[in-house]
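> Right, I'll just put the structure down here and ask away after.
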Amino acid sequence: MNQFILADCTTESGALSQLHDGAVVKAGGIDLLDRMKEGLESPTKLVNIRNISSLRGIHETAQGLNIGALTTLAEIEEDPAVKAHYAILSDACGHAATPQIRNMATVGGNLLQQNRCWYFRSDDFACLKKGKDMCFAFDGLNQYHAIFDNTTCPSVAPSSAAVALLGLNASVELASAKGKRTVAIKDFYVHPDVNPMTRTVIAPDELLTSVIIPKPASGTRSAYQKYGEKRSYDWATADAGVVLEMDGNICRKAAIVMGAASPVVMRSPKAEAMLAGKPITEETARAAGKAAMEGAQPLSMNGYKVQLFPVAIYRTILLAAGQMGRDPSAVG
Amino acid sequence: MSDRKSPSEDAAEQSSSPQNSNNVATGISRRGFLKGAGITAAGTALLEGVQVFSREAVAATHSDVKELGPGAVPVTLLVNGKEHTIQIEPRTTLADALRVHMGLTGTKVICDRGSCSGCTVLLDKTPVNSCMTLAMDARGHHVTTIEGLPQNGEMHPLQAAFVKHDAMQCGFCTPGMVMSCAALLEKNPKPTEDDVRHATAGNLCRCGTYPRIFAATLEAAGTSTRNA
């Protein structure tokens with residue numbers, strides 16, 4: 001890891017005053033230090049926001065929930081209000097990485113992680129996502145790569161919190177010296193076709209200060225399940241997030257979110273259409289899972305994901321609807 | 001790591017300050033020898049580096065910002081109830097500060113990426129990966145390492161249970177395992193086996209000693225349903 005200046009900040013305005021000339025924000029530091037240890041990045045200044053207490057904490061408001069960017073995944077997992085009304089978020093945060101990492105990693109940092117691809121994540125491969133001219137995944141080992149939107153860079157979106165937050169129609173608040181703006185999670189990430197090197201719309205002088213989640217409509221039920229090869233410290237091969245707005249057993253509206261399917265976390269309008277206005281049953285849940293795979297373009301080694309996602313989605317719909325317990329074959 | 005440690009090396013691991021660790025090593029220990037050899041080879045370069053970069057914490061343009069580094073700066077950390085003042089660069093991880101700068105080598109670094117949790121220490125009462133934590137971020141917190149668990153020369157009950165159940169093979173993951181389980185017992189004195197599994201979900205044991213680790217932790221908590 002390279003040497004750097006650590007600018008210790010105690011206030012948001014102090015931190016914003018530092019965001020120029022390539023300075024990089026450090027919160028929990030998990031993904032940033034990982035990238036720096038690997039030699040992918042060598043910033044000369046880290047802006048340490050870890051001790052800005054105003055950026056930490058979960059607040060219930062009349063509009064919903066406001067989660068400070070520095071709130072750790074463990075704090076979100078254990079929060080009673082999140083558990084009671086935002087099960088999808090509690091489950092997603094509670095099954096990321098390891099207990100130790102969840103104690104350090106912040107929700108802001110989790111949303112701002114770089115994508116997962118072992119070629120991009122290795123200093124040995126000068127790839128498209130690093131600004132060079134080729135992607136190694138297409139002809140290489142691509143079993144963990146994207147099955148949607150994968151023609152430019154098939155790396156996968158890493159954040160399980162983003163799966164939940166996309167399903168919950170959440171937004172992030174971005175602050176800069178010029179003021180604040182709010183960006184919906186659905187508009188926050190940049191597709192590799194637009195620019196493989198840019199991950200989000202956040203500008204270098206902006207700070208992600210909080211996550212805003214609207215209050216769910218009455219009758220909303222949600223669930224998240226993670227599928228993968230190992231129960232701990234592993235990235236999902238398939239993440240399924242489901243939010244159902246229910247009227248009795250009729251689903252008014254559904255959000256079906258897939259993680260580890262694409263470079264930008266995605267909803268499946270086709271799957272959602274299979275549920276809207278219908279009762280949640282084994283049949284409709286299965287149909288939704290199947291519809292979610294329309295348009296999938298697996299690479300040479302990740303065809304299994306096209307089998308896995310429909311099952312993950314079907315079982316998570318039934319879990320959200322209270323018709324099935326947690327899937328024992330899920331890893332979280 | 002199959003060779004046993006010399007008594008002086010054990011003593012060095014348990015000592016809590018760099019001064020002590022130098023004094024204790026009256027014989028030649030492997031670690032002490034390696035430290036000395038390293039200094040003759042690289043000492044000059046290191047010292048020059050410190051002179052070039054070293055500066056005290058300076059106020060940046062904004063009053064709520066204090067810039068540290070990039071060279072070594074003095075930092076005081078509270079580890080196992082004792083204050084240690086060391087000179088470190090901001091890039092120094094807590095694991096390196098403990099092991100290299102304080103001589104507290106009980107904390108093991110295995111993957112150095114937060115994947116194995118071998119380096120687990122407690123920040124206040126929370127288990128964290130010391131390899132992915134900057135030492136600077138431990139300022140103002142109580143750090144507890146494996147050396148901080150024994151009280152009055154007596155092993156922590158959890159350590160005693162690990163010994164009784166032979167809950168280690170190569171032993172390299174053991175300090176991290178013990179710290180994860182100690183944090184669990186602090187938070188939840190009567191855990192179930194599922195709780196122990198959850199608490200150690202990030203701790204990898206290549207030798208596969210998990211069942212004995214679970215048994216030892218449950219016994220230390222007095223919730224064991226099995227006999228040793």
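Here, A, B, ... name the chains of the structure tokens in the order displayed, residue numbers run from 1 inside each chain, and ligands are numbered from 1 in the same displayed order.
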If you count only C-alpha atoms, which residues fall within 7 Å of Cys135 in chain A, apart from same-chain ones fewer than 6 positions away, as a PDB file with C-alpha atoms, in the first residue's frame?

ATOM      1  CA  CYS A 127      -8.379  -4.522 -18.509  1.00  0.00           C
ATOM      2  CA  LEU A 128     -11.096  -2.425 -20.058  1.00  0.00           C
ATOM      3  CA  CYS A 153     -17.710  -5.386 -19.172  1.00  0.00           C
TER       4      CYS A 153
END
> Can you list every residue of chain B that has an atom at most 7 Å from chain A, with its nearest atom pair and the distance in Å to one decimal, using only C-alpha atoms, ordered by chain then number, as a tab-separated table?

residue	atom	partner	partner_atom	distance
B:His62	CA	A:Gly14	CA	5.9
B:Asp64	CA	A:Gly14	CA	5.2
B:Val65	CA	A:Cys9	CA	4.6
B:Lys66	CA	A:Asp8	CA	5.1
B:Glu67	CA	A:Ala7	CA	4.3
B:Leu68	CA	A:Leu6	CA	5.1
B:Gly69	CA	A:Ile5	CA	4.9
B:Pro70	CA	A:Ile5	CA	4.5
B:Pro90	CA	A:Leu6	CA	6.1
B:Arg91	CA	A:Gln3	CA	6.0
B:Arg113	CA	A:Asp34	CA	6.2
B:Ser115	CA	A:Tyr233	CA	6.3
B:Pro127	CA	A:Gln100	CA	5.6
B:Val128	CA	A:Gln100	CA	4.5
B:Asn129	CA	A:Gln100	CA	5.9
B:Met132	CA	A:Ile30	CA	6.0
B:Ala199	CA	A:Pro99	CA	6.7
B:Ala201	CA	A:Ser232	CA	5.7
B:Gly202	CA	A:Thr98	CA	4.6
> I need the residues of range 155-332 of chain A that end up classed as strand (DSSP E) by DSSP on the backbone, written out as an MDAnalysis selection string.
chainID A and resid 171:176 179:184 207:214 220:227 238:247 250:259 266:267 278:279
> List the neighbours of Cys111 in chain B out to 12 Å using only C-alpha atoms; skip same-chain residues closer than 3 positions along the sequence, and give me the result as a ChimeraX atom specification.
/A:34,37 /B:95,108,114-120,129-132,172-173,203-204
> Can you spit out the residues from that selection as a PDB file, in the first residue's frame, using N, CA, C and O atoms?

ATOM      1  N   ASP A  34      -8.530  -2.651   0.356  1.00  0.00           N
ATOM      2  CA  ASP A  34      -8.349  -3.854  -0.452  1.00  0.00           C
ATOM      3  C   ASP A  34      -7.796  -3.470  -1.830  1.00  0.00           C
ATOM      4  O   ASP A  34      -6.827  -4.054  -2.312  1.00  0.00           O
ATOM      5  N   LYS A  37      -4.205  -2.180  -1.380  1.00  0.00           N
ATOM      6  CA  LYS A  37      -3.246  -3.262  -1.126  1.00  0.00           C
ATOM      7  C   LYS A  37      -2.944  -4.023  -2.399  1.00  0.00           C
ATOM      8  O   LYS A  37      -1.824  -4.502  -2.599  1.00  0.00           O
TER       9      LYS A  37
ATOM     10  N   ALA B  95      -3.046  -4.146  12.561  1.00  0.00           N
ATOM     11  CA  ALA B  95      -2.320  -5.410  12.732  1.00  0.00           C
ATOM     12  C   ALA B  95      -0.811  -5.161  12.765  1.00  0.00           C
ATOM     13  O   ALA B  95      -0.097  -5.704  13.622  1.00  0.00           O
ATOM     14  N   LYS B 108      -2.401 -12.653  14.654  1.00  0.00           N
ATOM     15  CA  LYS B 108      -1.791 -13.220  13.440  1.00  0.00           C
ATOM     16  C   LYS B 108      -2.374 -12.590  12.191  1.00  0.00           C
ATOM     17  O   LYS B 108      -3.586 -12.356  12.114  1.00  0.00           O
ATOM     18  N   GLY B 114      -8.915  -9.290   5.009  1.00  0.00           N
ATOM     19  CA  GLY B 114     -10.228  -9.398   5.637  1.00  0.00           C
ATOM     20  C   GLY B 114     -10.987 -10.654   5.274  1.00  0.00           C
ATOM     21  O   GLY B 114     -12.166 -10.771   5.574  1.00  0.00           O
ATOM     22  N   SER B 115     -10.296 -11.618   4.641  1.00  0.00           N
ATOM     23  CA  SER B 115     -11.001 -12.830   4.202  1.00  0.00           C
ATOM     24  C   SER B 115     -11.038 -13.921   5.255  1.00  0.00           C
ATOM     25  O   SER B 115     -11.907 -14.778   5.202  1.00  0.00           O
ATOM     26  N   CYS B 116     -10.067 -13.925   6.165  1.00  0.00           N
ATOM     27  CA  CYS B 116      -9.922 -15.093   7.045  1.00  0.00           C
ATOM     28  C   CYS B 116     -10.185 -14.782   8.505  1.00  0.00           C
ATOM     29  O   CYS B 116     -10.366 -15.685   9.308  1.00  0.00           O
ATOM     30  N   SER B 117     -10.164 -13.505   8.871  1.00  0.00           N
ATOM     31  CA  SER B 117     -10.405 -13.061  10.246  1.00  0.00           C
ATOM     32  C   SER B 117      -9.379 -13.589  11.246  1.00  0.00           C
ATOM     33  O   SER B 117      -9.616 -13.543  12.459  1.00  0.00           O
ATOM     34  N   GLY B 118      -8.257 -14.087  10.769  1.00  0.00           N
ATOM     35  CA  GLY B 118      -7.187 -14.526  11.668  1.00  0.00           C
ATOM     36  C   GLY B 118      -6.663 -13.392  12.541  1.00  0.00           C
ATOM     37  O   GLY B 118      -6.163 -13.623  13.637  1.00  0.00           O
ATOM     38  N   CYS B 119      -6.794 -12.164  12.047  1.00  0.00           N
ATOM     39  CA  CYS B 119      -6.227 -10.996  12.730  1.00  0.00           C
ATOM     40  C   CYS B 119      -7.233 -10.305  13.633  1.00  0.00           C
ATOM     41  O   CYS B 119      -7.023  -9.158  14.016  1.00  0.00           O
ATOM     42  N   THR B 120      -8.327 -10.992  13.960  1.00  0.00           N
ATOM     43  CA  THR B 120      -9.407 -10.349  14.724  1.00  0.00           C
ATOM     44  C   THR B 120      -8.928  -9.811  16.068  1.00  0.00           C
ATOM     45  O   THR B 120      -8.289 -10.530  16.844  1.00  0.00           O
ATOM     46  N   ASN B 129     -11.393  -6.819  11.780  1.00  0.00           N
ATOM     47  CA  ASN B 129     -10.166  -7.312  11.150  1.00  0.00           C
ATOM     48  C   ASN B 129      -9.087  -6.244  11.330  1.00  0.00           C
ATOM     49  O   ASN B 129      -9.193  -5.160  10.754  1.00  0.00           O
ATOM     50  N   SER B 130      -8.049  -6.564  12.099  1.00  0.00           N
ATOM     51  CA  SER B 130      -7.017  -5.534  12.307  1.00  0.00           C
ATOM     52  C   SER B 130      -6.207  -5.309  11.038  1.00  0.00           C
ATOM     53  O   SER B 130      -5.569  -4.275  10.887  1.00  0.00           O
ATOM     54  N   CYS B 131      -6.247  -6.247  10.087  1.00  0.00           N
ATOM     55  CA  CYS B 131      -5.502  -6.056   8.834  1.00  0.00           C
ATOM     56  C   CYS B 131      -6.178  -5.057   7.915  1.00  0.00           C
ATOM     57  O   CYS B 131      -5.550  -4.523   7.021  1.00  0.00           O
ATOM     58  N   MET B 132      -7.480  -4.837   8.093  1.00  0.00           N
ATOM     59  CA  MET B 132      -8.210  -3.905   7.225  1.00  0.00           C
ATOM     60  C   MET B 132      -8.600  -2.638   7.987  1.00  0.00           C
ATOM     61  O   MET B 132      -9.440  -1.868   7.541  1.00  0.00           O
ATOM     62  N   PHE B 172      -2.749 -21.358  13.982  1.00  0.00           N
ATOM     63  CA  PHE B 172      -2.562 -20.019  13.429  1.00  0.00           C
ATOM     64  C   PHE B 172      -3.849 -19.204  13.464  1.00  0.00           C
ATOM     65  O   PHE B 172      -3.814 -17.998  13.643  1.00  0.00           O
ATOM     66  N   CYS B 173      -4.990 -19.878  13.319  1.00  0.00           N
ATOM     67  CA  CYS B 173      -6.258 -19.140  13.356  1.00  0.00           C
ATOM     68  C   CYS B 173      -6.739 -18.920  14.782  1.00  0.00           C
ATOM     69  O   CYS B 173      -7.711 -18.210  15.005  1.00  0.00           O
ATOM     70  N   ASN B 203     -14.239 -16.593  10.512  1.00  0.00           N
ATOM     71  CA  ASN B 203     -12.928 -17.134  10.888  1.00  0.00           C
ATOM     72  C   ASN B 203     -12.680 -18.439  10.161  1.00  0.00           C
ATOM     73  O   ASN B 203     -13.377 -19.429  10.398  1.00  0.00           O
ATOM     74  N   LEU B 204     -11.684 -18.439   9.314  1.00  0.00           N
ATOM     75  CA  LEU B 204     -11.361 -19.668   8.584  1.00  0.00           C
ATOM     76  C   LEU B 204     -10.326 -20.480   9.361  1.00  0.00           C
ATOM     77  O   LEU B 204      -9.330 -19.941   9.836  1.00  0.00           O
TER      78      LEU B 204
END
> For range 205-221 of chain A, work out the shell of residues within 6 Å, counting only C-alpha atoms and skipping chain neighbours fewer than 6 positions away, then give it as a VMD selection string.
chain A and resid 19 63 to 69 170 to 176 243 to 246 320
> Just the residues within 6 Å of Leu73 in chain A, please, counting only C-alpha atoms, with nothing from its chain fewer than 6 positions along; format it as a PyMOL selection string.
chain A and resi 93+102+106-107
> Skipping near chain neighbours, those fewer than 3 positions away, what residues fall within 12 Å of range 297-302 of chain A using only C-alpha atoms, listed as a PDB file with N, CA and C atoms, in the first residue's frame?

ATOM      1  N   ALA A 137     -12.393 -11.398 -19.363  1.00  0.00           N
ATOM      2  CA  ALA A 137     -13.410 -12.338 -18.891  1.00  0.00           C
ATOM      3  C   ALA A 137     -14.091 -13.085 -20.037  1.00  0.00           C
ATOM      4  N   PHE A 138     -14.234 -12.439 -21.189  1.00  0.00           N
ATOM      5  CA  PHE A 138     -14.990 -13.087 -22.269  1.00  0.00           C
ATOM      6  C   PHE A 138     -14.356 -14.405 -22.695  1.00  0.00           C
ATOM      7  N   ASP A 139     -13.024 -14.425 -22.821  1.00  0.00           N
ATOM      8  CA  ASP A 139     -12.350 -15.658 -23.222  1.00  0.00           C
ATOM      9  C   ASP A 139     -11.703 -16.363 -22.039  1.00  0.00           C
ATOM     10  N   GLY A 140     -11.915 -15.824 -20.852  1.00  0.00           N
ATOM     11  CA  GLY A 140     -11.247 -16.398 -19.687  1.00  0.00           C
ATOM     12  C   GLY A 140     -12.222 -17.120 -18.768  1.00  0.00           C
ATOM     13  N   LEU A 141     -11.933 -17.042 -17.473  1.00  0.00           N
ATOM     14  CA  LEU A 141     -12.775 -17.711 -16.477  1.00  0.00           C
ATOM     15  C   LEU A 141     -13.894 -16.739 -16.089  1.00  0.00           C
ATOM     16  N   ASN A 142     -15.111 -17.091 -16.465  1.00  0.00           N
ATOM     17  CA  ASN A 142     -16.198 -16.126 -16.281  1.00  0.00           C
ATOM     18  C   ASN A 142     -17.396 -16.721 -15.548  1.00  0.00           C
ATOM     19  N   GLN A 143     -17.137 -17.708 -14.670  1.00  0.00           N
ATOM     20  CA  GLN A 143     -18.267 -18.366 -14.002  1.00  0.00           C
ATOM     21  C   GLN A 143     -18.999 -17.462 -13.014  1.00  0.00           C
ATOM     22  N   TYR A 144     -18.344 -16.404 -12.551  1.00  0.00           N
ATOM     23  CA  TYR A 144     -19.014 -15.517 -11.591  1.00  0.00           C
ATOM     24  C   TYR A 144     -19.464 -14.212 -12.239  1.00  0.00           C
ATOM     25  N   HIS A 145     -19.416 -14.146 -13.527  1.00  0.00           N
ATOM     26  CA  HIS A 145     -19.679 -12.874 -14.205  1.00  0.00           C
ATOM     27  C   HIS A 145     -21.160 -12.695 -14.559  1.00  0.00           C
ATOM     28  N   ALA A 146     -21.423 -11.575 -15.220  1.00  0.00           N
ATOM     29  CA  ALA A 146     -22.802 -11.145 -15.467  1.00  0.00           C
ATOM     30  C   ALA A 146     -23.459 -11.967 -16.573  1.00  0.00           C
ATOM     31  N   ILE A 147     -24.791 -12.109 -16.444  1.00  0.00           N
ATOM     32  CA  ILE A 147     -25.570 -12.763 -17.506  1.00  0.00           C
ATOM     33  C   ILE A 147     -26.478 -11.763 -18.219  1.00  0.00           C
ATOM     34  N   PHE A 148     -26.537 -10.541 -17.710  1.00  0.00           N
ATOM     35  CA  PHE A 148     -27.278  -9.464 -18.374  1.00  0.00           C
ATOM     36  C   PHE A 148     -26.329  -8.296 -18.613  1.00  0.00           C
ATOM     37  N   ASP A 149     -26.619  -7.521 -19.644  1.00  0.00           N
ATOM     38  CA  ASP A 149     -25.883  -6.268 -19.915  1.00  0.00           C
ATOM     39  C   ASP A 149     -24.372  -6.499 -19.879  1.00  0.00           C
ATOM     40  N   ASN A 150     -23.950  -7.597 -20.481  1.00  0.00           N
ATOM     41  CA  ASN A 150     -22.565  -8.011 -20.296  1.00  0.00           C
ATOM     42  C   ASN A 150     -21.719  -7.930 -21.564  1.00  0.00           C
ATOM     43  N   THR A 151     -22.112  -7.102 -22.501  1.00  0.00           N
ATOM     44  CA  THR A 151     -21.358  -7.091 -23.762  1.00  0.00           C
ATOM     45  C   THR A 151     -20.104  -6.220 -23.706  1.00  0.00           C
ATOM     46  N   CYS A 153     -18.472  -4.957 -20.355  1.00  0.00           N
ATOM     47  CA  CYS A 153     -17.710  -5.386 -19.172  1.00  0.00           C
ATOM     48  C   CYS A 153     -18.633  -6.240 -18.331  1.00  0.00           C
ATOM     49  N   PRO A 154     -18.391  -7.543 -18.248  1.00  0.00           N
ATOM     50  CA  PRO A 154     -19.328  -8.417 -17.537  1.00  0.00           C
ATOM     51  C   PRO A 154     -19.069  -8.530 -16.030  1.00  0.00           C
ATOM     52  N   SER A 155     -18.373  -7.560 -15.440  1.00  0.00           N
ATOM     53  CA  SER A 155     -18.192  -7.577 -13.983  1.00  0.00           C
ATOM     54  C   SER A 155     -19.560  -7.470 -13.329  1.00  0.00           C
ATOM     55  N   THR A 237     -23.448 -15.745  -5.903  1.00  0.00           N
ATOM     56  CA  THR A 237     -23.558 -16.067  -7.317  1.00  0.00           C
ATOM     57  C   THR A 237     -24.926 -15.599  -7.813  1.00  0.00           C
ATOM     58  N   ALA A 238     -25.881 -15.530  -6.890  1.00  0.00           N
ATOM     59  CA  ALA A 238     -27.199 -14.963  -7.210  1.00  0.00           C
ATOM     60  C   ALA A 238     -27.769 -14.348  -5.938  1.00  0.00           C
ATOM     61  N   ALA A 260     -25.631  -9.664  -8.568  1.00  0.00           N
ATOM     62  CA  ALA A 260     -24.660 -10.588  -9.165  1.00  0.00           C
ATOM     63  C   ALA A 260     -25.125 -11.106 -10.528  1.00  0.00           C
ATOM     64  N   ALA A 261     -26.051 -10.375 -11.144  1.00  0.00           N
ATOM     65  CA  ALA A 261     -26.550 -10.772 -12.461  1.00  0.00           C
ATOM     66  C   ALA A 261     -26.012  -9.861 -13.551  1.00  0.00           C
ATOM     67  N   SER A 262     -25.621  -8.648 -13.174  1.00  0.00           N
ATOM     68  CA  SER A 262     -25.311  -7.622 -14.171  1.00  0.00           C
ATOM     69  C   SER A 262     -24.316  -6.623 -13.571  1.00  0.00           C
ATOM     70  N   MET A 293     -35.515 -14.329 -16.450  1.00  0.00           N
ATOM     71  CA  MET A 293     -34.360 -14.743 -17.256  1.00  0.00           C
ATOM     72  C   MET A 293     -34.510 -14.447 -18.744  1.00  0.00           C
ATOM     73  N   GLU A 294     -35.637 -13.852 -19.121  1.00  0.00           N
ATOM     74  CA  GLU A 294     -35.793 -13.480 -20.534  1.00  0.00           C
ATOM     75  C   GLU A 294     -34.721 -12.467 -20.904  1.00  0.00           C
ATOM     76  N   LYS A 305     -26.159 -19.776 -13.829  1.00  0.00           N
ATOM     77  CA  LYS A 305     -26.887 -18.679 -13.198  1.00  0.00           C
ATOM     78  C   LYS A 305     -28.299 -18.549 -13.780  1.00  0.00           C
ATOM     79  N   VAL A 306     -28.439 -18.929 -15.046  1.00  0.00           N
ATOM     80  CA  VAL A 306     -29.749 -18.854 -15.682  1.00  0.00           C
ATOM     81  C   VAL A 306     -30.692 -19.906 -15.067  1.00  0.00           C
ATOM     82  N   GLN A 307     -30.115 -20.960 -14.500  1.00  0.00           N
ATOM     83  CA  GLN A 307     -30.906 -21.952 -13.766  1.00  0.00           C
ATOM     84  C   GLN A 307     -31.137 -21.505 -12.327  1.00  0.00           C
ATOM     85  N   LEU A 308     -30.139 -20.848 -11.772  1.00  0.00           N
ATOM     86  CA  LEU A 308     -30.165 -20.508 -10.346  1.00  0.00           C
ATOM     87  C   LEU A 308     -31.121 -19.359 -10.029  1.00  0.00           C
ATOM     88  N   PHE A 309     -31.081 -18.305 -10.841  1.00  0.00           N
ATOM     89  CA  PHE A 309     -31.898 -17.131 -10.532  1.00  0.00           C
ATOM     90  C   PHE A 309     -33.397 -17.434 -10.453  1.00  0.00           C
TER      91      PHE A 309
END
> Just want the 9 Å neighbourhood of Thr200 in chain A, counted on only C-alpha atoms, with same-chain residues fewer than 6 positions away dropped. Output as a count of residues only.
6
> Give the alpha helix (DSSP H) residues of range 116-204 of chain B, as DSSP finds them on the backbone, and put them as a list in words.
Pro157, Leu158, Gln159, Ala160, Ala161, Phe162, Val163, Lys164, Thr174, Pro175, Gly176, Met177, Val178, Met179, Ser180, Cys181, Ala182, Ala183, Leu184, Leu185, Glu186, Lys187, Glu193, Asp194, Asp195, Val196, Arg197, His198 and Ala199 of chain B
> Pick out the closest residue to Gly94 in chain A from this set: B:Lys82, B:Lys190, B:Arg212, B:His198. Count only C-alpha atoms.
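Closest candidate: B:His198.
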